[in-house]
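Working notes for the structure below.
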Amino acid sequence: MSDRPSLPDRLDRKRSVLVVVDLQERFRDLIRGFAEVLDATDRLVRFSQQLEIPVLVTEQYPRGLGVTVTEIRSLFRQFAPLEKLHFSCGLDDGFRRALAATGRDQVLLCGIEAHVCVYQTAFDLRRDGRQVALAADAVGSCTTADRAAGVDRMRDLGVQVMGSRMIMFEILAKAGTPDFKAVAPLLRN
């Protein structure tokens, strides 16, 4: 028996799905570092679209919290967010059906709030046996302490805590390819 810890699989574009959790208008002025979260999420959505990685977007009670921010909505030709009431996407039947329909088992996770909906979603995805990679620069909470607690708890669950660019480079795996050239502008600061 090996003393080495088991490693998760490398992220693979054919196995990955991006899940954008509740990046809604009402949170714009409440989330610390919202502009940075939005920028990293925008980059991940455009990267995923370029590489034909499915993107699922959720909205928590949009009648009360508003719809997905315009900057993200505008990235889609046909925007069809998944409305939910559960904090965890994983407890919502519509989300579960949409995720199953992708046929993907690696979830790239971003959104808000890190300690509520993102954390609870990660918990249920891990419990269901999925590999989860959290884009740490694309998650936020109202307080830095809540964000840190959420990220720490997700790490404890076996979630891979990475940056958005780190996720993109891992999926690409190699420079100089047509895919790399197509997304190169997204890889820059």
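Following the order of the structure tokens, first chain is A, next is B, and so on, with residues numbered from 1 inside each chain and ligands from 1 in the order they appear.
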What's around Leu18 in chain A at 6 Å? Count only C-alpha atoms, leave out sequence neighbours fewer than 3 positions away in its own chain, and write the answer as an MDAnalysis selection string. chainID A and resid 55 107:108
Near range 43-53 of chain A, 7 Å: range 145-188 of chain A residue rows, closest pairs, only C-alpha atoms, as a Markdown table:
| residue | atom | partner | partner_atom | distance |
| --- | --- | --- | --- | --- |
| A:Ser164 | CA | A:Leu44 | CA | 6.6 |
| A:Val183 | CA | A:Phe47 | CA | 6.3 |
| A:Leu186 | CA | A:Arg43 | CA | 6.0 |
Given only C-alpha atoms as the counted atoms, nearest of A:Cys110, A:Leu125, A:Cys89, A:Ala175 to Val151 in chain A: A:Cys110
Taking the DSSP secondary structure from the backbone, can you list the residues of range 69-98 of chain A that are helix (DSSP H, G or I), as an MDAnalysis selection string? chainID A and resid 70:73 89:91 93:98
If we count only C-alpha atoms, what is near range 39-42 of chain A at a cut-off of 10 Å, once residues fewer than 5 positions away on the same chain are taken out, given as an MDAnalysis selection string? chainID A and resid 18:20 23 34 47:48 71:73 75 109:111 135:139 163:165 186
Residue neighbourhood Leu172 in chain A, 10 Å, only C-alpha atoms, exclusion window fewer than 3 positions, as a PDB file with N, CA and C atoms, in the first residue's frame:
ATOM      1  N   LEU A  11      -7.983  18.091 -14.834  1.00  0.00           N
ATOM      2  CA  LEU A  11      -9.184  18.632 -15.448  1.00  0.00           C
ATOM      3  C   LEU A  11      -9.116  18.429 -16.956  1.00  0.00           C
ATOM      4  N   ASP A  12     -10.236  18.018 -17.529  1.00  0.00           N
ATOM      5  CA  ASP A  12     -10.308  17.654 -18.941  1.00  0.00           C
ATOM      6  C   ASP A  12     -11.504  18.362 -19.565  1.00  0.00           C
ATOM      7  N   ARG A  13     -11.307  19.007 -20.679  1.00  0.00           N
ATOM      8  CA  ARG A  13     -12.396  19.767 -21.309  1.00  0.00           C
ATOM      9  C   ARG A  13     -13.586  18.891 -21.675  1.00  0.00           C
ATOM     10  N   LEU A  51     -14.030  26.538 -25.797  1.00  0.00           N
ATOM     11  CA  LEU A  51     -13.631  25.130 -25.817  1.00  0.00           C
ATOM     12  C   LEU A  51     -14.824  24.176 -25.778  1.00  0.00           C
ATOM     13  N   MET A 166      -5.357  29.102 -13.496  1.00  0.00           N
ATOM     14  CA  MET A 166      -4.797  27.781 -13.204  1.00  0.00           C
ATOM     15  C   MET A 166      -5.701  26.690 -13.779  1.00  0.00           C
ATOM     16  N   ILE A 167      -7.004  26.859 -13.614  1.00  0.00           N
ATOM     17  CA  ILE A 167      -7.967  25.923 -14.187  1.00  0.00           C
ATOM     18  C   ILE A 167      -7.818  25.886 -15.702  1.00  0.00           C
ATOM     19  N   MET A 168      -7.739  27.054 -16.311  1.00  0.00           N
ATOM     20  CA  MET A 168      -7.653  27.112 -17.774  1.00  0.00           C
ATOM     21  C   MET A 168      -6.369  26.456 -18.294  1.00  0.00           C
ATOM     22  N   PHE A 169      -5.251  26.746 -17.651  1.00  0.00           N
ATOM     23  CA  PHE A 169      -3.987  26.136 -18.082  1.00  0.00           C
ATOM     24  C   PHE A 169      -4.013  24.618 -17.897  1.00  0.00           C
ATOM     25  N   ALA A 175       0.853  24.383 -24.723  1.00  0.00           N
ATOM     26  CA  ALA A 175       0.882  25.640 -25.476  1.00  0.00           C
ATOM     27  C   ALA A 175       1.018  25.349 -26.967  1.00  0.00           C
ATOM     28  N   GLY A 176       0.714  26.353 -27.770  1.00  0.00           N
ATOM     29  CA  GLY A 176       0.945  26.251 -29.203  1.00  0.00           C
ATOM     30  C   GLY A 176      -0.152  25.571 -30.001  1.00  0.00           C
ATOM     31  N   THR A 177      -1.167  25.052 -29.323  1.00  0.00           N
ATOM     32  CA  THR A 177      -2.250  24.386 -30.031  1.00  0.00           C
ATOM     33  C   THR A 177      -3.248  25.437 -30.542  1.00  0.00           C
ATOM     34  N   ASP A 179      -6.379  25.570 -29.845  1.00  0.00           N
ATOM     35  CA  ASP A 179      -7.183  25.967 -28.687  1.00  0.00           C
ATOM     36  C   ASP A 179      -6.438  26.978 -27.825  1.00  0.00           C
ATOM     37  N   PHE A 180      -5.160  26.722 -27.584  1.00  0.00           N
ATOM     38  CA  PHE A 180      -4.362  27.638 -26.781  1.00  0.00           C
ATOM     39  C   PHE A 180      -4.330  29.021 -27.426  1.00  0.00           C
ATOM     40  N   VAL A 183      -7.627  31.020 -26.996  1.00  0.00           N
ATOM     41  CA  VAL A 183      -7.959  31.556 -25.673  1.00  0.00           C
ATOM     42  C   VAL A 183      -6.806  32.328 -25.036  1.00  0.00           C
TER      43      VAL A 183
END
A:Val132, A:Leu82, A:Val118, A:Val21: which is nearest Asp105 in chain A, counting only C-alpha atoms?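 The shortest atom-to-atom distance to Asp105 in chain A comes from A:Val132.
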Hey, which of A:Leu65, A:Ala173, A:Leu38, A:Ile112 ends up closest to Cys142 in chain A? Count only C-alpha atoms.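 The answer is A:Ile112, which sits nearest to Cys142 in chain A.
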Test item: residues at most 10 Å from Ser88 in chain A, only C-alpha atoms, excluding those fewer than 5 positions along its chain, as a PyMOL selection string: chain A and resi 21+60+95+116-125
Can those selected residues be exported to a file as a PDB file, in the first residue's frame so that it contains C-alpha atoms?
ATOM      1  CA  VAL A  21     -23.717  30.151  -8.936  1.00  0.00           C
ATOM      2  CA  GLN A  60     -31.292  32.092  -6.248  1.00  0.00           C
ATOM      3  CA  PHE A  95     -30.110  21.760 -11.769  1.00  0.00           C
ATOM      4  CA  VAL A 116     -23.556  29.564   1.474  1.00  0.00           C
ATOM      5  CA  CYS A 117     -24.642  28.521  -2.016  1.00  0.00           C
ATOM      6  CA  VAL A 118     -21.198  27.766  -3.436  1.00  0.00           C
ATOM      7  CA  TYR A 119     -20.122  25.761  -0.383  1.00  0.00           C
ATOM      8  CA  GLN A 120     -23.387  23.825  -0.121  1.00  0.00           C
ATOM      9  CA  THR A 121     -23.288  23.078  -3.855  1.00  0.00           C
ATOM     10  CA  ALA A 122     -19.704  21.822  -3.556  1.00  0.00           C
ATOM     11  CA  PHE A 123     -20.724  19.658  -0.598  1.00  0.00           C
ATOM     12  CA  ASP A 124     -23.533  17.960  -2.529  1.00  0.00           C
ATOM     13  CA  LEU A 125     -21.459  17.569  -5.704  1.00  0.00           C
TER      14      LEU A 125
END
Please provide as a ChimeraX atom specification all residues within 10 Å of Asp146 in chain A, with the sequence filter that same-chain residues fewer than 5 positions apart are discarded (counting only C-alpha atoms). /A:113-116,140-141,151-152
Can you pull out every residue from range 84-157 of chain A that DSSP, working from the backbone, puts in strand (DSSP E or B), and format the result as an MDAnalysis selection string? chainID A and resid 84 106:112 131:140
Excluding Val159 in chain A and its own-chain neighbours fewer than 5 positions away, which residues fall within 8 Å of it when counting only C-alpha atoms? Please give them as a PDB file with N, CA and C atoms, in the first residue's frame.
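File written: part-v4.pdb
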ATOM      1  N   ALA A 122     -20.914  22.650  -3.541  1.00  0.00           N
ATOM      2  CA  ALA A 122     -19.704  21.822  -3.556  1.00  0.00           C
ATOM      3  C   ALA A 122     -19.892  20.590  -2.679  1.00  0.00           C
ATOM      4  N   ARG A 126     -19.658  16.850  -4.240  1.00  0.00           N
ATOM      5  CA  ARG A 126     -18.648  15.902  -3.739  1.00  0.00           C
ATOM      6  C   ARG A 126     -19.328  14.661  -3.180  1.00  0.00           C
ATOM      7  N   GLN A 131     -15.903  15.331  -9.127  1.00  0.00           N
ATOM      8  CA  GLN A 131     -14.678  16.076  -8.885  1.00  0.00           C
ATOM      9  C   GLN A 131     -15.030  17.554  -9.031  1.00  0.00           C
ATOM     10  N   VAL A 132     -14.639  18.369  -8.059  1.00  0.00           N
ATOM     11  CA  VAL A 132     -14.986  19.783  -8.062  1.00  0.00           C
ATOM     12  C   VAL A 132     -13.716  20.624  -7.978  1.00  0.00           C
ATOM     13  N   ALA A 133     -13.605  21.589  -8.891  1.00  0.00           N
ATOM     14  CA  ALA A 133     -12.516  22.562  -8.866  1.00  0.00           C
ATOM     15  C   ALA A 133     -13.132  23.939  -8.638  1.00  0.00           C
ATOM     16  N   LEU A 134     -12.735  24.592  -7.576  1.00  0.00           N
ATOM     17  CA  LEU A 134     -13.237  25.917  -7.225  1.00  0.00           C
ATOM     18  C   LEU A 134     -12.295  26.974  -7.781  1.00  0.00           C
ATOM     19  N   MET A 154     -14.588  24.084   1.827  1.00  0.00           N
ATOM     20  CA  MET A 154     -14.595  23.352   0.556  1.00  0.00           C
ATOM     21  C   MET A 154     -13.295  22.575   0.375  1.00  0.00           C
TER      22      MET A 154
END
Counting only C-alpha atoms, which residue out of A:Ser6, A:Asp22, A:Gln106, A:Asp29 sits closest to Lys84 in chain A?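 So, comparing all the options, the nearest one is A:Asp22.
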